[in-house]
Amino acid sequence: MVFKMKKIIAILIIPLVFSSCYVHRVSHGNGSIEGYVKKDKQHNFLFGIISEISPIIHEIKNEDNYEVEIKITPKDGVISFLTFGLYVPTTIIVKK
């Protein structure tokens, strides 16, 4: 019984450990050259199917050179796990 519980706990923890590996990076133009960095959260619901308007749209609207990184941090993964996927936050980093 104890072995079974350890196995179940290991199966539940392994996705949390690797949750920071979900990184999408988009570079436009020459990428970030000014040194400006802004970190923000995007709020998604129902396993990410429904989301609010991205908070970075106003940051990169008229820019020629920028880099956007979208990732699920370990903290975001834990929150998503605890809410059973009803709320899935993602971290967005804008570099100009």
# chains A, B, ... in the order shown; residues from 1 in each chain; ligands from 1
call {"tool": "residues_around", "arguments": {"residues": "Thr91 of chain A", "least_positions_apart": "3", "cutoff": "9 Å", "atoms": "only C-alpha atoms", "output": "list of chain:residue names"}}
result
A:Lys39, A:Asp40, A:Lys41, A:Gln42, A:Glu69, A:Ile70, A:Lys71, A:Ile72, A:Thr73, A:Asp76
call {"tool": "write_last_selection", "arguments": {"atoms": "C-alpha atoms", "output": "PDB file, in the first residue's frame"}}
result
ATOM      1  CA  LYS A  39       7.079  40.553 -17.009  1.00  0.00           C
ATOM      2  CA  ASP A  40       3.314  40.026 -16.857  1.00  0.00           C
ATOM      3  CA  LYS A  41       0.721  37.289 -16.299  1.00  0.00           C
ATOM      4  CA  GLN A  42      -1.926  36.103 -18.730  1.00  0.00           C
ATOM      5  CA  GLU A  69       8.715  34.731 -24.215  1.00  0.00           C
ATOM      6  CA  ILE A  70       5.632  32.819 -23.036  1.00  0.00           C
ATOM      7  CA  LYS A  71       6.084  30.129 -20.415  1.00  0.00           C
ATOM      8  CA  ILE A  72       4.429  28.196 -17.658  1.00  0.00           C
ATOM      9  CA  THR A  73       6.624  28.556 -14.596  1.00  0.00           C
ATOM     10  CA  ASP A  76       1.991  28.567 -12.634  1.00  0.00           C
TER      11      ASP A  76
END
call {"tool": "residues_around", "arguments": {"residues": "Leu86 of chain A", "least_positions_apart": "2", "cutoff": "7 Å", "atoms": "only C-alpha atoms", "output": "MDAnalysis selection string"}}
result
chainID A and resid 45:47 83:84 88
call {"tool": "write_last_selection", "arguments": {"atoms": "C-alpha atoms", "output": "PDB file, in the first residue's frame"}}
result
ATOM      1  CA  PHE A  45      -9.410  29.364 -17.981  1.00  0.00           C
ATOM      2  CA  LEU A  46     -10.678  25.831 -18.729  1.00  0.00           C
ATOM      3  CA  PHE A  47      -7.284  24.274 -19.533  1.00  0.00           C
ATOM      4  CA  THR A  83      -7.365  24.303  -9.582  1.00  0.00           C
ATOM      5  CA  PHE A  84      -7.677  21.147 -11.727  1.00  0.00           C
ATOM      6  CA  VAL A  88      -4.097  28.242 -15.923  1.00  0.00           C
TER       7      VAL A  88
END
call {"tool": "atom_distance", "arguments": {"atom1": "atom CA of Ala10 of chain A", "atom2": "atom CA of Gly85 of chain A"}}
result
19.3 Å
call {"tool": "closest_residue", "arguments": {"among": "A:Glu67, A:Thr90, A:Ser51, A:Met1", "to": "Gly35 of chain A", "atoms": "only C-alpha atoms"}}
result
A:Glu67
call {"tool": "residues_around", "arguments": {"residues": "Ile60 of chain A", "least_positions_apart": "4", "cutoff": "9 Å", "atoms": "only C-alpha atoms", "output": "list in words"}}
result
Ile56, Asp64, Asn65, Tyr66, Val94 and Lys96 of chain A
call {"tool": "closest_residue", "arguments": {"among": "A:Leu82, A:Glu59, A:Ile9, A:Gly77", "to": "Lys38 of chain A", "atoms": "only C-alpha atoms"}}
result
A:Glu59
call {"tool": "select_by_dssp", "arguments": {"residues": "segment 10-44 of chain A", "states": "strand (DSSP E)", "output": "ChimeraX atom specification"}}
result
/A:23-28,37-44
call {"tool": "select_by_dssp", "arguments": {"residues": "segment 11-64 of chain A", "states": "helix (DSSP H, G or I)", "output": "MDAnalysis selection string"}}
result
chainID A and resid 11:21
